[in-house]
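Chemist: Take this structure first; my questions come after.
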Amino acid sequence: MIEVDHLSRHFGPVTAVDDLSFSVGAGEILGFLGPNGAGKTTTMKVIAGFLAPSAGGVRIGNHDVSRSPLAVKRLLGYLPEGAPAWPDMTPFGLLRFAARVRGMPASVRDARMQQLVTQLALEEVLLRPMESLSKGFRRRVGLALALLHDPAVLILDEPTDGLDPNQKQQVRDLITSLSRDKIVIVSTHILEEVEAVCTRAVIIRRGRLVADATPDALAARSRWHGAIALRLDRPVRADVFTGIDGVADLRSEDRNGQDWTLFVTRDAVGGPVIDRVRERLDASGAPIREFWLHRGRLDEVFRELTLGPPAENA
Ligand SMILES: Nc1ncnc2c1ncn2[C@@H]1O[C@H](COP(=O)(O)OP(=O)(O)O)[C@@H](O)[C@H]1O
Ligand SMILES: [Mg+2]
């Protein structure tokens, strides 16, 4: 269990983290979200014991991060933002070095290194200096370093940043496969990542908590949650629906230049409305190919929570 308890962190006049509290239990993969500058990296550095809190604190298991830094570092793997590393060291050298610092016996170390090198596809760069590696490889070396001692707690600061789509997917799969007994906190600004990987999301804004909920519960706050979504074979003009009672709002989305989707807000959910919508569509020669209930849009909820009026006035 990780408990972030009334945590604040200032940098001179800047308040990066402002009275932030949340907790994460074993088996959870927490998505840690917020716009640039919201305080994600600062919070993760404090959790990982790389930065002292200005006020409040963090407990991991029975340990206070500030009072028992070594015990905490044994429990924890940390991928820093940007995955910095010594430029002239090789991934092999870095992993060896980390294993020595962590006091791993050679037998355990070699098997573990082999496993991670395969899992993260590092064979071809193992003996090349870090400075010569692409961002994607550097990040995966960073992940290998964080995972080396099979820690119970993983703090990953934007682990998929700089990866191509296939590599992103591999890292997501890896994170998902890890999670069963671990605690994972992963910061990201990619909302599909939260949907794909996370069991819960904490959203911060200007260092303060603005949401702590499951991805589904967050999506349910969207205006479009429960809306009827229709996919048509071709576009129609919105005024086709003029005068139908209960069609509160409409939006067309051009997907790949082919599919058209219309959303009718939840005010319109109900048999008579959908019947009348269908009549109009039939009359205009635009048959419905499919329809479904919309689960809501996480991007919209995120935007409202992080761009809207400050939380204390909301
Ligand atoms: N070492 C530092 N010195 C001064 N200000 C900092 C330092 N680190 C972070 N900040 C400031 O703290 C705020 C939060 O930054 P950060 O934690 O990096 O946010 P995020 O990771 O969400 O983008 C920003 O305003 C940033 O400029
Ligand atoms: Mg950051």
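Convention: chains lettered A, B, ... in structure tokens order; per-chain residue numbering from 1; ligands numbered from 1 as shown.
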Any residue with an atom at most 12 Å from ligand 1 counts, using only C-alpha atoms and all ligand atoms. Which are they? Put them as number ranges by chain.

Modeler: A: 8-18, 32-46, 50-52, 80-82, 156-158, 186-189, 203-208, 306

Chemist: In Å, how far is it from atom CA of Val125 of chain A to atom CA of Pro159 of chain A?

Modeler: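 Computed distance, atom CA of Val125 of chain A to atom CA of Pro159 of chain A, equals 18.7 Å.
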
Chemist: Atom CA of Phe22 of chain A and atom CA of Val72 of chain A are how many Å apart?

Modeler: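 So the two atoms, atom CA of Phe22 of chain A and atom CA of Val72 of chain A, lie 18.1 Å apart.
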
Chemist: Can you tell me which residues surround Thr90 of chain A at a distance of at most 10 Å, considering only C-alpha atoms, apart from same-chain residues fewer than 5 positions away, and format the answer as a PyMOL selection string?

Modeler: chain A and resi 85+95-96+125-133+141

Chemist: Set the distance at 10 Å and use only C-alpha atoms: which residues neighbour Leu122 of chain A once local chain neighbours fewer than 2 positions away are removed? I'd like the list as a CSV table (one decimal) with N, CA and C atoms, in the first residue's frame.

Modeler:
chain,number,residue,atom,x,y,z
A,91,PRO,N,23.9,-0.7,-21.9
A,91,PRO,CA,22.8,-1.3,-21.1
A,91,PRO,C,23.3,-2.4,-20.3
A,92,PHE,N,24.2,-3.3,-20.8
A,92,PHE,CA,24.8,-4.4,-20.1
A,92,PHE,C,25.5,-3.9,-18.8
A,114,GLN,N,18.9,-11.8,-18.3
A,114,GLN,CA,18.6,-12.5,-19.6
A,114,GLN,C,17.1,-12.4,-19.9
A,116,LEU,N,15.0,-10.1,-18.8
A,116,LEU,CA,14.6,-8.7,-19.1
A,116,LEU,C,15.0,-8.3,-20.5
A,117,VAL,N,16.2,-8.7,-20.9
A,117,VAL,CA,16.8,-8.4,-22.2
A,117,VAL,C,15.8,-9.0,-23.3
A,118,THR,N,15.3,-10.2,-23.0
A,118,THR,CA,14.4,-10.8,-24.0
A,118,THR,C,13.1,-10.1,-24.0
A,119,GLN,N,12.5,-9.9,-22.8
A,119,GLN,CA,11.2,-9.3,-22.6
A,119,GLN,C,11.2,-7.9,-23.2
A,120,LEU,N,12.2,-7.1,-23.1
A,120,LEU,CA,12.3,-5.8,-23.6
A,120,LEU,C,13.0,-5.6,-24.9
A,124,GLU,N,20.1,-6.4,-29.3
A,124,GLU,CA,21.0,-5.8,-30.3
A,124,GLU,C,21.7,-4.5,-29.8
A,125,VAL,N,21.3,-4.0,-28.6
A,125,VAL,CA,21.9,-2.8,-28.2
A,125,VAL,C,22.7,-3.0,-26.9
A,126,LEU,N,22.7,-4.2,-26.4
A,126,LEU,CA,23.3,-4.5,-25.1
A,126,LEU,C,24.7,-4.0,-24.9
A,127,LEU,N,25.5,-3.9,-25.9
A,127,LEU,CA,26.9,-3.5,-25.7
A,127,LEU,C,27.2,-2.2,-26.4
A,137,PHE,N,14.8,2.7,-27.2
A,137,PHE,CA,15.7,1.8,-26.6
A,137,PHE,C,16.1,2.3,-25.2
A,138,ARG,N,16.4,3.6,-25.1
A,138,ARG,CA,16.8,4.2,-23.8
A,138,ARG,C,15.7,3.9,-22.8
A,140,ARG,N,13.4,1.6,-22.8
A,140,ARG,CA,13.3,0.2,-22.4
A,140,ARG,C,14.4,-0.2,-21.5
A,141,VAL,N,15.6,0.4,-21.7
A,141,VAL,CA,16.7,0.1,-20.8
A,141,VAL,C,16.3,0.6,-19.4
A,144,ALA,N,14.0,-1.8,-17.8
A,144,ALA,CA,14.8,-3.0,-17.4
A,144,ALA,C,15.4,-2.7,-16.0

Chemist: Find the residues near segment 198-201 of chain A: any atom within 6 Å, counting only C-alpha atoms, skip ones fewer than 5 places away on the same chain, and give them as a PDB file with N, CA and C atoms, in the first residue's frame.

Modeler:
ATOM      1  N   GLU A  28      -3.197  -2.848  -7.983  1.00  0.00           N
ATOM      2  CA  GLU A  28      -3.725  -1.702  -8.735  1.00  0.00           C
ATOM      3  C   GLU A  28      -2.679  -1.138  -9.690  1.00  0.00           C
ATOM      4  N   ILE A  29      -3.164  -0.701 -10.839  1.00  0.00           N
ATOM      5  CA  ILE A  29      -2.317   0.060 -11.754  1.00  0.00           C
ATOM      6  C   ILE A  29      -2.937   1.441 -11.822  1.00  0.00           C
ATOM      7  N   LEU A  30      -2.288   2.369 -11.169  1.00  0.00           N
ATOM      8  CA  LEU A  30      -2.855   3.713 -11.066  1.00  0.00           C
ATOM      9  C   LEU A  30      -2.331   4.590 -12.191  1.00  0.00           C
ATOM     10  N   GLY A  31      -3.226   5.126 -12.974  1.00  0.00           N
ATOM     11  CA  GLY A  31      -2.857   6.122 -13.970  1.00  0.00           C
ATOM     12  C   GLY A  31      -2.777   7.468 -13.280  1.00  0.00           C
ATOM     13  N   PHE A  32      -1.636   8.143 -13.463  1.00  0.00           N
ATOM     14  CA  PHE A  32      -1.432   9.429 -12.794  1.00  0.00           C
ATOM     15  C   PHE A  32      -1.409  10.484 -13.886  1.00  0.00           C
ATOM     16  N   ASP A 212     -10.299  11.072  -8.625  1.00  0.00           N
ATOM     17  CA  ASP A 212      -9.728   9.798  -8.196  1.00  0.00           C
ATOM     18  C   ASP A 212     -10.829   8.771  -8.407  1.00  0.00           C
ATOM     19  N   ALA A 213     -10.772   8.036  -9.518  1.00  0.00           N
ATOM     20  CA  ALA A 213     -11.884   7.165  -9.888  1.00  0.00           C
ATOM     21  C   ALA A 213     -11.420   6.126 -10.910  1.00  0.00           C
ATOM     22  N   THR A 214     -12.267   5.140 -11.170  1.00  0.00           N
ATOM     23  CA  THR A 214     -11.945   4.181 -12.231  1.00  0.00           C
ATOM     24  C   THR A 214     -12.131   4.869 -13.582  1.00  0.00           C
TER      25      THR A 214
END

Chemist: Just checking: using only C-alpha atoms and all ligand atoms, which residue out of A:Leu94, A:Asp239, A:Ala83, A:Ile183 ends up closest to ligand 2?

Modeler: A:Ala83
